[in-house]
Every structure is written in structure tokens, then in C-alpha cells.
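See below for data.cif, which holds mmCIF, C-alpha atoms and all ligand atoms.
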data_run
loop_
_atom_site.label_atom_id
_atom_site.label_comp_id
_atom_site.auth_asym_id
_atom_site.auth_seq_id
_atom_site.Cartn_x
_atom_site.Cartn_y
_atom_site.Cartn_z
CA MET A 1116 -20.86 21.13 -13.30
CA THR A 1117 -23.19 19.63 -15.87
CA ILE A 1118 -21.47 16.90 -17.79
CA SER A 1119 -21.54 16.82 -21.58
CA LYS A 1120 -23.59 14.25 -23.46
CA GLN A 1121 -20.39 12.72 -24.76
CA THR A 1122 -19.03 12.29 -21.21
CA ALA A 1123 -22.33 10.75 -20.10
CA GLU A 1124 -22.09 8.23 -22.94
CA ARG A 1125 -18.45 7.41 -22.22
CA ARG A 1126 -19.25 6.82 -18.53
CA GLN A 1127 -21.32 3.82 -19.55
CA ASP A 1128 -18.37 1.82 -20.84
CA TYR A 1129 -15.84 2.45 -18.06
CA ASP A 1130 -13.37 -0.47 -18.00
CA GLY A 1131 -12.03 -0.12 -14.45
CA ALA A 1132 -8.57 1.09 -15.50
CA SER A 1133 -8.79 4.14 -17.79
CA PRO A 1134 -9.02 7.74 -16.59
CA PHE A 1135 -12.63 8.85 -16.01
CA PRO A 1136 -14.07 10.82 -18.97
CA GLU A 1137 -14.73 13.84 -16.72
CA ALA A 1138 -11.02 13.96 -15.79
CA GLU A 1139 -10.40 15.66 -19.14
CA GLU A 1140 -13.08 18.29 -18.92
CA HIS A 1141 -13.12 19.37 -15.28
CA VAL A 1142 -13.55 23.05 -14.59
CA PRO A 1143 -11.69 24.63 -11.68
CA ALA A 1144 -13.98 26.03 -9.00
CA GLY A 1145 -14.70 29.78 -8.81
CA ARG A 1146 -12.14 32.08 -7.16
CA LEU A 1147 -14.17 32.54 -3.99
CA GLN A 1148 -14.54 28.79 -3.45
CA VAL A 1149 -10.87 28.17 -4.17
CA GLY A 1150 -9.87 31.01 -1.83
CA LEU A 1151 -12.06 29.83 1.05
CA THR A 1152 -11.14 26.17 0.66
CA GLY A 1153 -7.48 27.10 0.35
CA ALA A 1154 -7.66 29.18 3.53
CA ILE A 1155 -9.34 26.36 5.45
CA VAL A 1156 -6.71 23.89 4.28
CA VAL A 1157 -3.63 26.09 4.65
CA ALA A 1158 -4.47 28.00 7.87
CA PRO A 1159 -3.91 25.01 10.18
CA PHE A 1160 -0.41 24.54 8.81
CA LEU A 1161 0.42 28.18 9.38
CA ALA A 1162 -0.99 27.67 12.87
CA LEU A 1163 1.25 24.67 13.38
CA GLY A 1164 4.25 26.83 12.50
CA VAL A 1165 3.15 29.55 14.92
CA ALA A 1166 2.40 26.97 17.61
CA ILE A 1167 5.83 25.39 17.33
CA PHE A 1168 7.43 28.84 17.44
CA LEU A 1169 5.44 29.82 20.55
CA MET A 1170 5.98 26.55 22.33
CA TRP A 1171 9.68 26.22 21.55
CA GLY A 1172 11.47 25.28 24.75
CA ARG A 1173 8.29 25.51 26.84
CA GLY A 1174 6.81 22.12 26.06
CA PHE A 1175 3.23 21.23 25.52
CA THR A 1176 0.63 21.99 28.17
CA LEU A 1177 -1.72 19.33 29.42
CA THR A 1178 -4.63 21.79 29.05
CA ASP A 1179 -4.02 22.14 25.30
CA LEU A 1180 -3.74 18.39 24.88
CA LEU A 1181 -6.90 17.56 26.85
CA LEU A 1182 -8.93 20.24 25.08
CA ALA A 1183 -7.69 18.95 21.72
CA VAL A 1184 -8.59 15.35 22.57
CA VAL A 1185 -12.07 16.29 23.81
CA LEU A 1186 -12.88 18.48 20.80
CA TYR A 1187 -11.38 15.97 18.33
CA THR A 1188 -13.55 13.24 19.84
CA VAL A 1189 -16.78 15.27 19.93
CA THR A 1190 -16.47 16.67 16.39
CA GLY A 1191 -15.06 13.40 15.02
CA LEU A 1192 -17.99 11.38 16.40
CA GLY A 1193 -20.30 14.10 15.04
CA VAL A 1194 -18.94 13.29 11.59
CA THR A 1195 -18.75 9.48 11.89
CA VAL A 1196 -21.81 8.68 14.03
CA GLY A 1197 -23.88 11.72 12.97
CA PHE A 1198 -23.11 12.80 9.39
CA HIS A 1199 -22.08 9.35 8.21
CA ARG A 1200 -23.79 6.44 9.96
CA LEU A 1201 -27.00 8.24 10.98
CA LEU A 1202 -27.72 10.89 8.35
CA THR A 1203 -26.09 9.40 5.22
CA HIS A 1204 -26.88 5.73 5.74
CA ALA A 1205 -29.71 5.67 8.33
CA SER A 1206 -28.02 2.79 10.12
CA PHE A 1207 -30.03 3.65 13.27
CA THR A 1208 -32.78 6.00 14.41
CA ALA A 1209 -31.95 8.70 16.95
CA ARG A 1210 -34.09 10.80 19.26
CA PRO A 1211 -34.63 14.22 17.60
CA TRP A 1212 -32.44 16.09 20.13
CA LEU A 1213 -29.58 13.63 19.62
CA ARG A 1214 -29.91 13.87 15.83
CA VAL A 1215 -29.54 17.64 16.04
CA ALA A 1216 -26.68 17.41 18.57
CA LEU A 1217 -24.75 15.02 16.29
CA ALA A 1218 -25.34 17.23 13.24
CA VAL A 1219 -24.10 20.25 15.20
CA ALA A 1220 -21.00 18.38 16.43
CA GLY A 1221 -20.21 17.17 12.89
CA SER A 1222 -20.61 20.69 11.48
CA MET A 1223 -17.91 21.84 13.90
CA GLY A 1224 -15.47 19.57 12.05
CA PHE A 1225 -15.04 22.08 9.19
CA GLN A 1226 -15.98 19.53 6.51
CA GLY A 1227 -18.83 21.41 4.86
CA ASN A 1228 -22.43 21.84 5.96
CA VAL A 1229 -24.37 18.71 6.87
CA ILE A 1230 -26.54 18.71 3.72
CA ASP A 1231 -23.62 19.03 1.28
CA TRP A 1232 -21.52 16.49 3.20
CA VAL A 1233 -24.27 13.87 3.08
CA ALA A 1234 -25.05 14.59 -0.60
CA VAL A 1235 -21.40 14.14 -1.64
CA HIS A 1236 -21.06 10.98 0.41
CA ARG A 1237 -24.22 9.38 -0.97
CA ARG A 1238 -22.95 10.16 -4.47
CA HIS A 1239 -19.63 8.51 -3.57
CA HIS A 1240 -21.54 5.32 -2.70
CA ALA A 1241 -23.68 5.54 -5.85
CA PHE A 1242 -20.64 5.72 -8.17
CA THR A 1243 -17.77 4.26 -6.11
CA ASP A 1244 -14.49 4.26 -8.05
CA ARG A 1245 -16.12 4.78 -11.40
CA PRO A 1246 -17.03 7.87 -13.41
CA GLY A 1247 -19.36 10.07 -11.36
CA ASP A 1248 -17.56 9.41 -8.02
CA PRO A 1249 -16.74 12.85 -6.56
CA HIS A 1250 -13.46 11.65 -5.01
CA SER A 1251 -12.07 8.45 -6.44
CA PRO A 1252 -8.30 7.81 -6.50
CA TYR A 1253 -8.88 6.04 -9.84
CA ARG A 1254 -10.06 9.19 -11.61
CA TYR A 1255 -6.83 9.50 -13.59
CA GLY A 1256 -6.47 5.82 -14.39
CA THR A 1257 -4.54 3.00 -12.76
CA GLY A 1258 -1.10 3.76 -14.23
CA LEU A 1259 1.52 4.79 -11.66
CA ARG A 1260 1.37 8.51 -12.47
CA GLY A 1261 -2.43 8.49 -12.72
CA GLN A 1262 -2.62 6.67 -9.39
CA PHE A 1263 -0.58 9.31 -7.55
CA ARG A 1264 -2.52 12.11 -9.19
CA GLY A 1265 -5.73 10.27 -8.28
CA LEU A 1266 -4.68 9.93 -4.63
CA ALA A 1267 -4.05 13.68 -4.41
CA HIS A 1268 -7.41 14.30 -6.06
CA ALA A 1269 -9.29 11.92 -3.72
CA HIS A 1270 -7.59 13.37 -0.64
CA LEU A 1271 -7.91 17.08 -1.30
CA GLY A 1272 -7.95 18.04 -4.99
CA TRP A 1273 -11.65 17.25 -5.42
CA LEU A 1274 -12.50 20.19 -3.14
CA PHE A 1275 -10.99 22.56 -5.69
CA ILE A 1276 -13.01 21.37 -8.66
CA ASP A 1277 -16.37 22.78 -9.70
CA ASP A 1278 -18.37 19.57 -9.42
CA GLN A 1279 -21.65 20.33 -7.66
CA THR A 1280 -23.63 17.47 -6.17
CA PRO A 1281 -27.33 18.34 -6.51
CA ALA A 1282 -28.87 18.22 -3.03
CA GLN A 1283 -32.39 17.81 -4.43
CA ARG A 1284 -31.37 14.55 -6.00
CA TYR A 1285 -29.26 13.05 -3.20
CA VAL A 1286 -30.67 14.39 0.08
CA PRO A 1287 -34.39 15.18 -0.35
CA ASP A 1288 -34.95 13.71 3.14
CA LEU A 1289 -32.65 16.25 4.81
CA LEU A 1290 -34.00 19.14 2.75
CA ASP A 1291 -37.46 18.25 4.11
CA ASP A 1292 -36.17 18.29 7.68
CA PRO A 1293 -36.32 21.86 9.09
CA ALA A 1294 -33.90 21.00 11.92
CA MET A 1295 -31.27 19.86 9.41
CA THR A 1296 -31.67 22.86 7.08
CA ARG A 1297 -31.27 25.10 10.13
CA VAL A 1298 -28.07 23.30 11.20
CA ALA A 1299 -26.79 23.57 7.60
CA ARG A 1300 -27.45 27.32 7.55
CA ALA A 1301 -25.64 27.70 10.86
CA PHE A 1302 -22.48 26.05 9.45
CA PRO A 1303 -20.28 29.20 9.37
CA ALA A 1304 -21.34 30.11 12.93
CA LEU A 1305 -20.64 26.55 14.12
CA CYS A 1306 -17.16 26.69 12.56
CA ALA A 1307 -16.53 29.95 14.44
CA LEU A 1308 -17.79 28.31 17.65
CA SER A 1309 -15.48 25.34 17.04
CA LEU A 1310 -12.49 27.71 17.23
CA ALA A 1311 -13.90 30.05 19.89
CA LEU A 1312 -14.53 27.24 22.39
CA PRO A 1313 -10.88 26.19 22.84
CA PHE A 1314 -9.83 29.84 23.00
CA LEU A 1315 -12.36 30.59 25.76
CA ALA A 1316 -11.69 27.33 27.58
CA GLY A 1317 -7.93 27.98 27.45
CA TRP A 1318 -8.52 31.46 28.84
CA ALA A 1319 -10.82 30.26 31.61
CA ILE A 1320 -8.49 27.46 32.70
CA THR A 1321 -5.13 29.27 32.57
CA GLY A 1322 -6.37 32.82 33.16
CA THR A 1323 -3.92 34.14 30.58
CA LEU A 1324 -4.19 35.29 26.97
CA TYR A 1325 -1.16 33.16 26.16
CA GLY A 1326 -3.03 30.09 27.46
CA ALA A 1327 -6.04 31.07 25.34
CA LEU A 1328 -3.87 31.43 22.26
CA THR A 1329 -2.07 28.09 22.55
CA ALA A 1330 -5.37 26.29 23.23
CA PHE A 1331 -6.81 27.99 20.12
CA LEU A 1332 -3.86 26.80 18.05
CA TRP A 1333 -3.64 23.20 19.29
CA ALA A 1334 -7.24 22.40 20.24
CA GLY A 1335 -8.67 24.67 17.53
CA LEU A 1336 -6.81 24.86 14.23
CA ILE A 1337 -4.47 21.88 14.53
CA ARG A 1338 -7.23 19.61 15.89
CA VAL A 1339 -9.44 20.65 12.91
CA ALA A 1340 -6.62 19.91 10.44
CA LEU A 1341 -5.91 16.48 11.92
CA LEU A 1342 -9.57 15.42 11.73
CA GLN A 1343 -9.86 16.73 8.15
CA HIS A 1344 -6.83 14.78 6.99
CA VAL A 1345 -8.00 11.62 8.74
CA THR A 1346 -11.43 11.90 7.07
CA TRP A 1347 -9.82 12.65 3.70
CA SER A 1348 -7.48 9.67 4.17
CA VAL A 1349 -10.54 7.43 4.30
CA ASN A 1350 -11.48 8.82 0.86
CA SER A 1351 -7.98 8.43 -0.56
CA LEU A 1352 -5.96 5.70 1.21
CA CYS A 1353 -8.95 3.50 2.09
CA HIS A 1354 -9.62 2.96 -1.60
CA VAL A 1355 -6.00 2.05 -2.41
CA LEU A 1356 -4.09 0.51 0.52
CA GLY A 1357 -5.12 -2.34 2.78
CA ASN A 1358 -7.14 -5.51 2.30
CA ARG A 1359 -10.58 -6.28 0.89
CA PRO A 1360 -12.11 -9.12 2.90
CA PHE A 1361 -15.66 -8.47 1.66
CA LYS A 1362 -17.33 -8.35 -1.72
CA THR A 1363 -18.39 -4.96 -2.95
CA ARG A 1364 -19.98 -3.76 -6.18
CA ARG A 1365 -18.13 -3.81 -9.50
CA HIS A 1366 -15.19 -1.33 -9.67
CA ASP A 1367 -15.50 -0.54 -5.91
CA ARG A 1368 -11.98 -0.91 -4.44
CA SER A 1369 -12.62 0.21 -0.85
CA THR A 1370 -10.19 -1.30 1.65
CA ASN A 1371 -9.77 -1.98 5.37
CA LEU A 1372 -6.76 -0.08 6.71
CA TRP A 1373 -6.10 -0.90 10.37
CA PRO A 1374 -3.55 1.84 11.26
CA LEU A 1375 -6.26 4.49 10.87
CA ALA A 1376 -8.92 2.66 12.90
CA LEU A 1377 -8.54 4.55 16.18
CA LEU A 1378 -8.00 8.06 14.75
CA SER A 1379 -10.89 7.61 12.30
CA PHE A 1380 -13.18 6.18 15.03
CA GLY A 1381 -13.61 2.96 13.05
CA GLU A 1382 -14.23 4.50 9.63
CA SER A 1383 -11.08 2.99 8.11
CA TRP A 1384 -12.80 -0.44 8.05
CA HIS A 1385 -13.96 1.01 4.78
CA ASN A 1386 -14.28 -2.21 2.80
CA GLY A 1387 -16.58 -3.61 5.49
CA HIS A 1388 -18.58 -0.40 5.20
CA HIS A 1389 -18.86 -0.36 1.40
CA SER A 1390 -19.86 -4.01 1.45
CA GLU A 1391 -22.84 -3.29 3.75
CA PRO A 1392 -23.30 0.52 3.84
CA SER A 1393 -26.30 0.64 6.18
CA CYS A 1394 -24.62 -1.45 8.89
CA ALA A 1395 -23.96 0.56 12.08
CA ARG A 1396 -20.67 -1.30 12.69
CA HIS A 1397 -17.87 -0.95 10.11
CA GLY A 1398 -15.24 -3.04 11.89
CA VAL A 1399 -17.30 -6.24 11.77
CA ASP A 1400 -14.59 -8.78 12.53
CA ARG A 1401 -12.96 -9.75 15.83
CA GLY A 1402 -10.36 -7.29 17.01
CA GLN A 1403 -11.44 -4.52 14.63
CA LEU A 1404 -11.58 -1.42 16.78
CA ASP A 1405 -14.70 0.63 15.95
CA PRO A 1406 -15.25 3.39 18.56
CA SER A 1407 -18.21 4.85 16.59
CA ALA A 1408 -20.03 1.52 16.83
CA ALA A 1409 -19.23 1.39 20.56
CA VAL A 1410 -20.79 4.84 21.00
CA ILE A 1411 -23.90 3.80 19.04
CA GLY A 1412 -24.12 0.72 21.29
CA LEU A 1413 -23.90 2.96 24.37
CA PHE A 1414 -26.63 5.25 22.99
CA GLU A 1415 -28.77 2.16 22.42
CA ARG A 1416 -28.35 1.01 26.03
CA LEU A 1417 -29.29 4.50 27.22
CA GLY A 1418 -32.44 4.32 25.07
CA TRP A 1419 -31.42 7.31 22.94
CA VAL A 1420 -31.29 5.38 19.65
CA SER A 1421 -33.30 2.48 18.29
CA ASN A 1422 -33.62 0.35 15.18
CA VAL A 1423 -29.83 -0.12 15.03
CA HIS A 1424 -28.67 -2.20 12.04
CA TRP A 1425 -26.07 -4.46 13.71
CA PRO A 1426 -24.13 -6.93 11.54
CA ASP A 1427 -25.92 -10.11 10.53
CA GLN A 1428 -23.35 -12.93 10.76
CA GLU A 1429 -24.95 -15.02 8.04
CA ARG A 1430 -25.08 -12.17 5.53
CA LEU A 1431 -21.52 -11.27 6.46
CA GLU A 1432 -20.20 -14.75 5.69
CA ARG A 1433 -21.99 -14.76 2.35
CA ARG A 1434 -20.11 -11.61 1.39
CA ARG A 1435 -16.70 -12.77 2.63
CA VAL A 1436 -14.02 -13.21 -0.04
CA PRO A 1437 -11.73 -16.27 0.47
CA ARG A 1438 -8.24 -15.08 1.46
CA ARG A 1439 -6.61 -16.39 -1.71
CA GLU A 1440 -8.86 -14.27 -3.90
CA GLN A 1441 -8.38 -11.06 -1.90
CA ALA A 1442 -5.01 -10.15 -3.43
CA ARG A 1443 -6.44 -10.59 -6.91
CA ALA A 1444 -9.45 -8.43 -6.09
CA LEU A 1445 -7.15 -5.66 -4.89
CA ALA A 1446 -5.20 -5.78 -8.14
CA GLY A 1447 -8.49 -4.92 -9.82
CA ASP A 1448 -9.09 -8.19 -11.68
ZN ZN B 1 -15.48 5.06 0.13
ZN ZN B 2 -20.61 5.65 3.69
#
What is this file in C-alpha cells?
Ligand SMILES: [Zn+2]
Ligand SMILES: [Zn+2]
Amino acid sequence: MTISKQTAERRQDYDGASPFPEAEEHVPAGRLQVGLTGAIVVAPFLALGVAIFLMWGRGFTLTDLLLAVVLYTVTGLGVTVGFHRLLTHASFTARPWLRVALAVAGSMGFQGNVIDWVAVHRRHHAFTDRPGDPHSPYRYGTGLRGQFRGLAHAHLGWLFIDDQTPAQRYVPDLLDDPAMTRVARAFPALCALSLALPFLAGWAITGTLYGALTAFLWAGLIRVALLQHVTWSVNSLCHVLGNRPFKTRRHDRSTNLWPLALLSFGESWHNGHHSEPSCARHGVDRGQLDPSAAVIGLFERLGWVSNVHWPDQERLERRRVPRREQARALAGD
């Protein structure tokens, strides 16, 4: 979508509370994109229905659960450590084979190809919670109705709008990297692999087609849906609910939301992240669980990554907002 001159002008004087100018002129995406996105979003819920029907009275097999946990962890870390902390923010340097492995694992998370994912996320940081942000919950203003509409938009609705993020502008580094363009091209095949693996593993372990099918449902479709909604919750909830212990740029309302810390592998310490985007650890305070940072630390000890940007305590304290002011900051003052 190319924005009109009028919209571009109105973006300049955003006040932090009104709907974004582009909210009025958005164009729905083409039918093919809507159809594909809709299928990706809806299929897991149909699968959940089928899974419950199949499993009724038989319980849940340990094989399905273990396969789901393993694949959730591998693809989830592919997104958080690979797509996000390494490729979007360069918070560490990885050996070439590990860089490719992480990009492949992230692609298996059904969240778009690596180049588009990184482009959209860099744009989110460039325009956080102001006009131009691809998925801000403040798009429709800060009134109650606008806020709910905005949350739905930030969680999922943004995928159904024709709002292209130009890769040339946001990810020239990845476009120049043949390994990354190859992984991006392989995205549909990697999605297929992401569903084929649990099916085949279920078959191999149980020796039955029924075992293959339930593994496909739980460790394939439902695992994909859970990771998608956790990632999307960071876009939606982690800009609305929670606390804001660190200073961020004007209009940026990213928050820390502890209940999502484990499932999101530490990405829900989102205020910490927006405050210092290139830091490899998002949960920077004591007791803030950040499994992605732990994995990066492990990779560092193994000698697979270097140049890791760990938190700098002095910088951190300079950015810390006194507790009394945090509530006010969250109210958008
Ligand atoms: Zn954010
Ligand atoms: Zn980020």
C-alpha cells in the first residue's frame, strides 16, 4: 500500500491518542492473501475440534505431548533467537551454519518467510505505536472501542490488510545474503516439513496411522497455532497490559507481561526489549525468566556465537523509570 500525501502529512502531527490516519484508508488484502492467511489461522482450530473428537475418552498420549513440546521449542527458539534477536536486531553474531539453522527453524513456525518477518518487525520498531506501525493496538485511537478494535488488529487483523513492507528498504542486509534468500524461498516447503515431521515421527513411534494422525494434529497444527498466538500476543497484549519499567521512545507503549514469559521464551519482557532493542537479553531484571537469552548464553559457551550484546547495568539504570512514574507512563501521559 502506498500512502497518500495527505496521510503522510497527517502522520507528522500524531498526538498519541487519535486513530492513525491510515486507519481510515486501509485497503483489504487481495483474495488470495486473505484466503491463505485465513486458512493458516482457521485450520488449527478445525484441527483442535477433530483432535478432541478423536481423543474423546482415550486421553492424551505422551508421544503427542513430547513431540509437541520439542517442535514448539525448536520452532519457537527459531523465531525468538533466530528471526528476532539475531536477524532483526543483530544482538549477537552466529556461525554461518547456526544462522541458517535458526532461520530454518523459525520458518517452520508458520509466521511468514524470514525476510518478510524481519522487515515487518524492523518497521514495528521504527514506528512503534504511531502511524506507520504495521501492528499497533493504538491504530484506532485510545478510546475504549478503538482500543479493543486496535487489540484485534495488532493480534491478527493486520495480516488481512494490504500494507506491504518494502524489503529493499528494511532488510537490504538479508537480501544480500544468498543463504537467507534461499531459506526465504524455501518457506512453503519448510511449512510442509513442519507438519510432515510430527506425522512421520508419530507413525515411526506408534507404528499406526492413528498415532501418526494424532501427532500431526497435536504436535503439528495445534502446536503451530499456539506459537502463532503467543507471538501475536507479544504484538497485541505486550503493548497494552503490564508494566513499563524502562524508558522507551515517544509514543512507544511496550510493556513487560510476566505470565507470557515462559511460553514466549522471554519475548514478553517487551518493554525491556523496546528500551534497548539490540540487547540479547530481554528479561534484564532479577527473576525475569528469559529462555532465549539462556540459549544464546549456552551457544556462547559452546563457541557457536560471539559478539553477544549482554545488558550493561549502568545503561540499564539510566533508562529505568522510577516506580511512581510508571503508572503515569502507562496511561500515556
Ligand atoms: Zn513491540
Ligand atoms: Zn524487536
What does the list of residues within 9 Å of ligand ZN 1 (chain B) look like if you count only C-alpha atoms and all ligand atoms, written as a CSV table (one decimal) with C-alpha atoms, in the frame of the given file?
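So selection.csv came out as:
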chain,number,residue,atom,x,y,z
A,1236,HIS,CA,-21.1,11.0,0.4
A,1239,HIS,CA,-19.6,8.5,-3.6
A,1240,HIS,CA,-21.5,5.3,-2.7
A,1243,THR,CA,-17.8,4.3,-6.1
A,1244,ASP,CA,-14.5,4.3,-8.0
A,1250,HIS,CA,-13.5,11.6,-5.0
A,1251,SER,CA,-12.1,8.4,-6.4
A,1349,VAL,CA,-10.5,7.4,4.3
A,1350,ASN,CA,-11.5,8.8,0.9
A,1351,SER,CA,-8.0,8.4,-0.6
A,1353,CYS,CA,-9.0,3.5,2.1
A,1354,HIS,CA,-9.6,3.0,-1.6
A,1367,ASP,CA,-15.5,-0.5,-5.9
A,1368,ARG,CA,-12.0,-0.9,-4.4
A,1369,SER,CA,-12.6,0.2,-0.8
A,1370,THR,CA,-10.2,-1.3,1.6
A,1385,HIS,CA,-14.0,1.0,4.8
A,1386,ASN,CA,-14.3,-2.2,2.8
A,1388,HIS,CA,-18.6,-0.4,5.2
A,1389,HIS,CA,-18.9,-0.4,1.4
Exercise for the section: Could you pull out every residue with an atom within 9 Å of (-24.3, 6.2, 0.8), file coordinates, counting only C-alpha atoms, and send them as a list in words? Expected result: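 Those residues, ordered by chain and then number, are His1199, Thr1203, His1204, Val1233, Ala1234, Val1235, His1236, Arg1237, Arg1238, His1239, His1240, Ala1241, His1389, Pro1392 and Ser1393 of chain A.
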Exercise for the section: Might you pull out every residue within 9 Å of range 1143-1159 of chain A, with all atoms listed in the file counted and same-chain residues fewer than 4 positions away left off, and present them as a count of residues only? Expected result: 18
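Rounded to one decimal, CA of Pro1249 in chain A and CA of Trp1273 in chain A lie 6.8 Å from each other.
Among A:Pro1252, A:Gly1357, A:Gly1197, A:Gly1402, the residue with the shortest atom-to-atom distance to ligand ZN 2 (chain B), counting all atoms listed in the file, is A:Gly1197.
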Exercise for the section: Find the residue from A:Leu1305, A:Leu1177, A:Ala1316, A:Cys1394 that sits nearest to ligand ZN 2 (chain B); use all atoms listed in the file when measuring. Expected result: A:Cys1394
Practice task
Around the point (-16.3, 4.2, -14.0), in the coordinates given by the file, pick out the residues reaching within 10 Å, counting all atoms listed in the file, and return them as a list of chain:residue names.
Solution key: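 Residues with an atom close enough to that point: A:Arg1125, A:Arg1126, A:Gln1127, A:Asp1128, A:Tyr1129, A:Asp1130, A:Gly1131, A:Ala1132, A:Ser1133, A:Pro1134, A:Phe1135, A:Pro1136, A:Phe1242, A:Thr1243, A:Asp1244, A:Arg1245, A:Pro1246, A:Gly1247, A:Asp1248, A:Ser1251, A:Tyr1253, A:Arg1254, A:Gly1256, A:Arg1365, A:His1366, A:Asp1367.
Nearest residue to ligand ZN 2 (chain B), choosing from A:Pro1426, A:Pro1281, A:Gly1387, A:Pro1406 and counting all atoms listed in the file: A:Gly1387.
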Problem - Which residue of A:Val1399, A:Ala1408, A:Val1194, A:Ile1167 approaches Leu1431 in chain A most closely, using all atoms listed in the file - result: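 Residue with the minimum atom-to-atom distance to Leu1431 in chain A: A:Val1399.
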Exercise for the section: Could you jot down the CA of Thr1195 in chain A to CA of Leu1290 in chain A separation for me, Å, one decimal place? Expected result: 20.2 Å
Axis-aligned box for range 1183-1194 of chain A, 6 Å per side, centre and edges in Å as lines of an AutoDock Vina configuration file:
center_x = -14.0
center_y = 15.2
center_z = 17.7
size_x = 24.6
size_y = 19.6
size_z = 24.2
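Taking only C-alpha atoms, the non-local environment of Pro1437 in chain A within 10 Å (same-chain residues fewer than 6 positions away omitted) comprises Pro1360, Phe1361 and Lys1362 of chain A.
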Would you put the residues from that selection into a file with C-alpha atoms, as a compact mmCIF listing (two decimals), in the frame of the given file?
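Contents of part-v6.txt, freshly written:
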# COMPACT_ATOMS: atom_id res chain seq x y z
CA PRO A 1360 -12.11 -9.12 2.90
CA PHE A 1361 -15.66 -8.47 1.66
CA LYS A 1362 -17.33 -8.35 -1.72
Exercise for the section: Would you mind reading off the distance between CA of Gln1283 in chain A and CA of Arg1214 in chain A, one decimal, in Å? Expected result: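 Straight-line distance from CA of Gln1283 in chain A to CA of Arg1214 in chain A works out to 20.8 Å.
Residue nearest ligand ZN 2 (chain B), chosen from A:Glu1382, A:Asp1405, A:Asp1400, A:Asp1292 and counting only C-alpha atoms and all ligand atoms: A:Glu1382.
Nearest to ligand ZN 2 (chain B) of all the residues A:Gln1403, A:Ser1206, A:Thr1329, A:Thr1188 is A:Ser1206, based on all atoms listed in the file.
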When you look at Leu1201 in chain A with a cut-off of 12 Å (counting only C-alpha atoms), what residues show up, excluding the ones that are within fewer than 5 positions of it in the same chain? I need them as a short mmCIF file (atom, residue, chain, number, x, y, z; two decimals) with C-alpha atoms, in the frame of the given file.
data_model
loop_
_atom_site.label_atom_id
_atom_site.label_comp_id
_atom_site.auth_asym_id
_atom_site.auth_seq_id
_atom_site.Cartn_x
_atom_site.Cartn_y
_atom_site.Cartn_z
CA LEU A 1192 -17.99 11.38 16.40
CA GLY A 1193 -20.30 14.10 15.04
CA VAL A 1194 -18.94 13.29 11.59
CA THR A 1195 -18.75 9.48 11.89
CA VAL A 1196 -21.81 8.68 14.03
CA SER A 1206 -28.02 2.79 10.12
CA PHE A 1207 -30.03 3.65 13.27
CA THR A 1208 -32.78 6.00 14.41
CA ALA A 1209 -31.95 8.70 16.95
CA ARG A 1210 -34.09 10.80 19.26
CA PRO A 1211 -34.63 14.22 17.60
CA LEU A 1213 -29.58 13.63 19.62
CA ARG A 1214 -29.91 13.87 15.83
CA VAL A 1215 -29.54 17.64 16.04
CA ALA A 1216 -26.68 17.41 18.57
CA LEU A 1217 -24.75 15.02 16.29
CA ALA A 1218 -25.34 17.23 13.24
CA GLY A 1221 -20.21 17.17 12.89
CA VAL A 1229 -24.37 18.71 6.87
CA VAL A 1233 -24.27 13.87 3.08
CA LEU A 1289 -32.65 16.25 4.81
CA PRO A 1392 -23.30 0.52 3.84
CA SER A 1393 -26.30 0.64 6.18
CA CYS A 1394 -24.62 -1.45 8.89
CA ALA A 1395 -23.96 0.56 12.08
CA ARG A 1396 -20.67 -1.30 12.69
CA SER A 1407 -18.21 4.85 16.59
CA ALA A 1408 -20.03 1.52 16.83
CA ILE A 1411 -23.90 3.80 19.04
CA VAL A 1420 -31.29 5.38 19.65
CA SER A 1421 -33.30 2.48 18.29
CA ASN A 1422 -33.62 0.35 15.18
CA VAL A 1423 -29.83 -0.12 15.03
CA HIS A 1424 -28.67 -2.20 12.04
#
Practice task
Just the residues within 7 Å of Gly1381 in chain A, please, counting all atoms listed in the file, with nothing from its chain fewer than 2 positions along; format it as a PyMOL selection string.
Solution key: chain A and resi 1376-1377+1379+1383-1384+1397-1398+1404-1407
Exercise for the section: Identify, on the basis of all atoms listed in the file, every residue whose closest approach to Ala1282 in chain A does not exceed 7 Å; exclude the query and any residue fewer than 3 positions from it along the same chain; express the result as a PyMOL selection string. Expected result: chain A and resi 1231+1234+1285-1287
